[in-house]
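**Q** This is the structure I want to talk about, given as structure tokens.
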Amino acid sequence: MGFQDAVLTGLAPDGGLLVPATIPDVTPMLASWQGLSFVELAREIVLLFVDDIPREDLERLITDAYANFSHPEIAPLTKVGNVTVMELFHGPTLAFKDVALQLLGQIFEYILAHENKHLNILAATSGDTGSAAIAGVRGLPQIDIFVMYPRGRVSHLQELQMTTEVAANVHCLSVEGSFDDCQNLMKTIFEDLAFKEKYALGAANSVNWARVLAQIVYYGYASLKLGGERPVSFCVPTGNFGNVFAGFTAKRMGFPIERLILATNENDILAKFFESGVYERGEVRYTVTPAMDIQVASNFERFLYYHMDCDPVALGEFMADFARSGRAELAAPLHTDDFLATAVSVDDTLSAIRTVYETSGYVADPHTAIGLAAAERFALEGPLVCLATAHPAKFPDAVNKAVGEDVARHPTLDSLCDRESRTTNVPADIEAIKDVIRRLGH
Ligand SMILES: *Cc1c(COP(=O)(O)O)cnc(C)c1O
């Protein structure tokens with residue numbers, strides 16, 4: 001499949017995920033990429049995976065995508081205690097999702113304009129994907145976007161970021177269920193190929209390969225900046241495994257990366273898997289890190305594919321076992337030099353926010369704090385980068401409670417509260433969602 005088709009398709013027709021046919025080796029280029037800016041490096045990396053958009057067009061899309069970031073470095077690095085924090089939240093919706101979704105919006109628009117097509121994007125969000133996907137495509141004439149979110153399970157500000165959007169192509173659906181329900185609804189609707197075709201459904205979740213691709217860039221960027229003598233390790237707050245999978249791909253490409261610390265909250269299905277090789281679904285627990293209140297991580301399948309030596313049959317069996325019984329196990333014990341994993345409780349998250357603030361004055365959002373708490377548990381040599389995935393003002397309740405002061409504010413969010421909001425209430429039911437798309441889609 002060409003790049004453009006892969007972007008439009010989102011989920012593969014058989015319900016699986018797309019991976020690149022080959023992963024390019026960048027080691028010969030590393031020396032010459034050393035001094036590149038974020039946008040310059042993005043152009044080099046993205047181009048390696050795109051076979052059907054001319055270079056000058058792609059360069060323009062990338063430049064435009066990052067023009068809306070409020071920090072000139074796009075993803076600045078700052079020292080916090082012993083670690084380096086990479087802030088990925090300087091985009092329009094203040095979460096790291098913007099890094100990929102600003103670009104995905106540009107790419108969608110480019111492809112649709114050339115093919116004179118319309119796309120109905122169906123997205124599921126645990127909070128941050130929704131607003132970031134909306135910010136990537138609002139007002140675009142050839143796109144409608146439908147965003148499903150779990151009612152009462154995203155923060156008030158996150159909900160307002162979505163529902164106060166006035167563009168007519170944006171449709172928010174408040175679903176009576178959990179995020180896993182929303183993600184499952186999305187997957188099931190995508191599997192109805194006749195419906196998918198008729199309504200030209202597209203995906204903005206990290207099942208879309210282009211999202212992972214855009215996220216490879218900051219791993220490359222940080223590893224080139226800091227990986228002088230020793231390769232760099234990254235600590236990544238993980239929900240759907242999309243972010244950390246981009247890091248895994250960057251490592252396979254040959255960027256100087258050592259370990260990826262996978263930090264989960266109390267929804268620890270992935271942390272347990274890396275301890276035991278057993279992948280077992282539990283009940284969703286609701287925490288102060290809603291973007292990670294996920295049991296079934298959609299991108300994990302991509303990692304397993306490589307772990308199983310690119311054997312799609314073995315992977316298919318593993319995924320079918322899991323779908324049937326909620327449990328699947330590897331044939332041989334897991335051995336990996338790539339990952340370390342740990343789960344962080346709510347108490348430990350809040351105390352990490354407090355300690356980091358008291359010792360260094362840095363205000364971390366709860367998701368970032370999970371990474372900072374996890375990083376403390378491993379004595380790694382060499383530089384360590386903790387990814388800051390959201391601005392603390394997106395989660396003021398937890399942050400202000402942890403530090404005991406009102407420190408989590410941002411003008412963009414303050415202005416939301418006076419705006420009118422609109423959403424459609426729907427049950428967690430496939431036909432109900434399809435009906436909305438039939439009624440409002442194009
Ligand atoms: C989405 C999100 C995560 C989890 O990222 P995945 O790619 O799903 O692992 C972590 N933190 C924040 C703030 C997020 O929005």
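By convention in this document, the chains of the structure tokens carry letters A, B, ... by their order, each chain's residues are numbered from 1, and ligands are numbered from 1 in the order they are shown.
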Would you list, as a VMD selection string, the residues of range 155-345 of chain A that end up in helix (DSSP H, G or I) under DSSP run on this structure's backbone?
**A** chain A and resid 156 to 163 179 to 191 193 to 198 209 to 226 242 to 253 269 to 276 290 to 292 300 to 307 312 to 325
**Q** Name the residues, by chain letter and number, that sit within 6 Å of ligand 1 using only C-alpha atoms and all ligand atoms, and give them as number ranges by chain.
**A** A: 95, 128, 237-243, 291-292, 367, 389-390
**Q** Keeping C-alpha atoms for every residue in the selection just given, could you write it to a file as a compact mmCIF listing (two decimals), in the first residue's frame?
**A**
```txt
# COMPACT_ATOMS: atom_id res chain seq x y z
CA ALA A 95 -0.80 17.89 24.73
CA ASP A 128 -6.45 14.59 24.53
CA PRO A 237 4.00 7.70 30.08
CA THR A 238 2.05 5.04 28.20
CA GLY A 239 -1.61 4.41 27.41
CA ASN A 240 -2.18 3.10 23.89
CA PHE A 241 1.52 2.33 23.31
CA GLY A 242 1.57 4.76 20.34
CA ASN A 243 4.13 7.15 21.75
CA ALA A 291 -5.24 9.67 29.03
CA MET A 292 -3.73 6.43 30.31
CA HIS A 367 1.02 12.02 33.07
CA THR A 389 3.02 14.80 27.40
CA ALA A 390 0.67 17.55 28.60
```
**Q** Would you mind listing what lies within 12 Å of Ser32 in chain A as a list in words, with only C-alpha atoms counted and same-chain residues fewer than 5 positions away left out?
**A**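 Returned residues: Val26, Thr27, Glu40, Leu41, Glu44 and Leu224 of chain A.
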**Q** Skip range 358-363 of chain A itself and residues of its chain fewer than 5 positions away, then list as a compact mmCIF listing (two decimals) with N, CA, C and O atoms, in the first residue's frame all residues within 10 Å of it, counting only C-alpha atoms.
**A**
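In the end it all went to around.txt:
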```txt
# COMPACT_ATOMS: atom_id res chain seq x y z
N THR A 78 14.47 20.60 28.75
CA THR A 78 14.87 21.37 29.94
C THR A 78 15.29 20.42 31.06
O THR A 78 14.73 19.34 31.22
N LYS A 79 16.31 20.84 31.80
CA LYS A 79 16.87 20.00 32.85
C LYS A 79 15.99 20.10 34.10
O LYS A 79 15.70 21.20 34.56
N VAL A 80 15.55 18.96 34.63
CA VAL A 80 14.78 18.95 35.87
C VAL A 80 15.44 17.91 36.79
O VAL A 80 15.32 16.72 36.55
N GLY A 81 16.16 18.38 37.81
CA GLY A 81 16.91 17.45 38.65
C GLY A 81 17.93 16.70 37.80
O GLY A 81 18.69 17.32 37.03
N ALA A 352 4.99 12.52 43.30
CA ALA A 352 6.04 12.93 42.35
C ALA A 352 5.83 14.39 41.91
O ALA A 352 6.79 15.16 41.81
N ILE A 353 4.57 14.77 41.68
CA ILE A 353 4.30 16.18 41.30
C ILE A 353 4.81 17.11 42.40
O ILE A 353 5.51 18.10 42.14
N THR A 368 3.04 13.32 32.93
CA THR A 368 4.48 13.54 32.94
C THR A 368 5.06 13.04 34.27
O THR A 368 6.14 12.43 34.30
N ALA A 369 4.33 13.28 35.36
CA ALA A 369 4.81 12.88 36.69
C ALA A 369 4.93 11.36 36.79
O ALA A 369 5.81 10.85 37.50
N HIS A 391 0.52 19.88 29.17
CA HIS A 391 0.73 21.07 30.01
C HIS A 391 -0.05 20.84 31.32
O HIS A 391 -1.19 20.36 31.29
N PRO A 392 0.55 21.20 32.47
CA PRO A 392 -0.13 20.94 33.75
C PRO A 392 -1.51 21.59 33.86
O PRO A 392 -2.39 21.06 34.55
N ALA A 393 -1.74 22.68 33.15
CA ALA A 393 -3.04 23.37 33.26
C ALA A 393 -4.18 22.53 32.70
O ALA A 393 -5.35 22.84 32.94
N VAL A 399 -3.01 18.64 39.90
CA VAL A 399 -1.75 19.37 40.09
C VAL A 399 -1.85 20.31 41.28
O VAL A 399 -0.98 20.33 42.16
N ASN A 400 -2.95 21.08 41.35
CA ASN A 400 -3.08 22.04 42.45
C ASN A 400 -3.21 21.33 43.79
O ASN A 400 -2.69 21.79 44.80
N VAL A 403 0.40 20.14 44.86
CA VAL A 403 1.37 21.13 45.34
C VAL A 403 0.76 22.09 46.36
O VAL A 403 1.49 22.84 47.00
N VAL A 407 -1.13 26.60 40.75
CA VAL A 407 0.01 26.82 39.84
C VAL A 407 -0.30 26.41 38.41
O VAL A 407 0.48 26.66 37.51
N ALA A 408 -1.45 25.75 38.21
CA ALA A 408 -1.71 25.15 36.90
C ALA A 408 -2.73 25.97 36.12
O ALA A 408 -3.92 25.69 36.15
```
**Q** Would you mind writing down, as a ChimeraX atom specification, each residue of range 83-243 of chain A that DSSP on the backbone assigns to strand (DSSP E or B)?
**A** /A:83-87,95,119-124,143-150,170-176,201-202,232-237
**Q** Write out as a list of chain:residue names each polymer residue whose atoms come within 12 Å of Gly382 in chain A, counting only C-alpha atoms; drop sequence neighbours fewer than 2 positions from it.
**A** A:Asn82, A:Val83, A:Thr84, A:Ser223, A:Leu226, A:Gly227, A:Gly228, A:Glu229, A:Arg230, A:Pro231, A:Val232, A:Ser233, A:Phe234, A:Pro256, A:Ile257, A:Glu258, A:Arg259, A:Phe378, A:Ala379, A:Leu380, A:Leu384, A:Val385
**Q** Taking into account only C-alpha atoms, which residue in the set A:His114, A:Arg151, A:Arg285, A:Arg138 is nearest to Val166 in chain A?
**A**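 Going through A:His114, A:Arg151, A:Arg285, A:Arg138 one by one, the smallest distance to Val166 in chain A is for A:Arg138.
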**Q** Looking at only C-alpha atoms, which of A:Val278, A:Leu173, A:Asp5, A:Cys182 is the one that sits closest to Val426 in chain A?
**A**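 Answer, going by the shortest atom-to-atom distance: A:Leu173.
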**Q** What lies within 7 Å of range 121-124 of chain A using only C-alpha atoms, ignoring chain neighbours under 5 positions off, as an MDAnalysis selection string?
**A** chainID A and resid 144:149 182:183 186 201:205
**Q** Let me see the file: selected residues, N, CA and C atoms, as an mmCIF file, in the first residue's frame.
**A**
```cif
data_model
loop_
_atom_site.group_PDB
_atom_site.id
_atom_site.type_symbol
_atom_site.label_atom_id
_atom_site.label_comp_id
_atom_site.auth_asym_id
_atom_site.auth_seq_id
_atom_site.Cartn_x
_atom_site.Cartn_y
_atom_site.Cartn_z
ATOM 1 N N ASP A 144 -15.288 15.713 7.691
ATOM 2 C CA ASP A 144 -16.088 15.815 8.906
ATOM 3 C C ASP A 144 -15.394 14.966 9.957
ATOM 4 N N ILE A 145 -15.454 15.399 11.199
ATOM 5 C CA ILE A 145 -14.840 14.594 12.266
ATOM 6 C C ILE A 145 -15.859 14.295 13.366
ATOM 7 N N PHE A 146 -15.914 13.028 13.758
ATOM 8 C CA PHE A 146 -16.794 12.540 14.820
ATOM 9 C C PHE A 146 -15.902 12.037 15.949
ATOM 10 N N VAL A 147 -16.040 12.641 17.107
ATOM 11 C CA VAL A 147 -15.168 12.269 18.227
ATOM 12 C C VAL A 147 -15.992 11.653 19.348
ATOM 13 N N MET A 148 -15.716 10.392 19.658
ATOM 14 C CA MET A 148 -16.403 9.714 20.769
ATOM 15 C C MET A 148 -15.554 9.825 22.032
ATOM 16 N N TYR A 149 -16.165 10.269 23.118
ATOM 17 C CA TYR A 149 -15.434 10.289 24.391
ATOM 18 C C TYR A 149 -16.309 9.720 25.500
ATOM 19 N N CYS A 182 -15.304 3.006 23.754
ATOM 20 C CA CYS A 182 -15.231 3.897 22.579
ATOM 21 C C CYS A 182 -14.270 3.313 21.543
ATOM 22 N N GLN A 183 -13.131 2.835 22.024
ATOM 23 C CA GLN A 183 -12.115 2.291 21.119
ATOM 24 C C GLN A 183 -12.637 1.025 20.423
ATOM 25 N N MET A 186 -15.139 1.924 17.754
ATOM 26 C CA MET A 186 -14.436 2.406 16.568
ATOM 27 C C MET A 186 -13.921 1.225 15.746
ATOM 28 N N LEU A 201 -14.697 6.338 5.815
ATOM 29 C CA LEU A 201 -14.241 6.556 7.192
ATOM 30 C C LEU A 201 -12.727 6.613 7.266
ATOM 31 N N GLY A 202 -12.232 7.564 8.034
ATOM 32 C CA GLY A 202 -10.796 7.679 8.270
ATOM 33 C C GLY A 202 -10.509 7.688 9.769
ATOM 34 N N ALA A 203 -9.240 7.412 10.135
ATOM 35 C CA ALA A 203 -8.863 7.312 11.547
ATOM 36 C C ALA A 203 -7.828 8.365 11.929
ATOM 37 N N ALA A 204 -8.033 8.983 13.083
ATOM 38 C CA ALA A 204 -7.056 9.942 13.601
ATOM 39 C C ALA A 204 -6.372 9.405 14.851
ATOM 40 N N ASN A 205 -6.819 8.235 15.321
ATOM 41 C CA ASN A 205 -6.155 7.628 16.484
ATOM 42 C C ASN A 205 -4.801 7.079 16.063
#
```
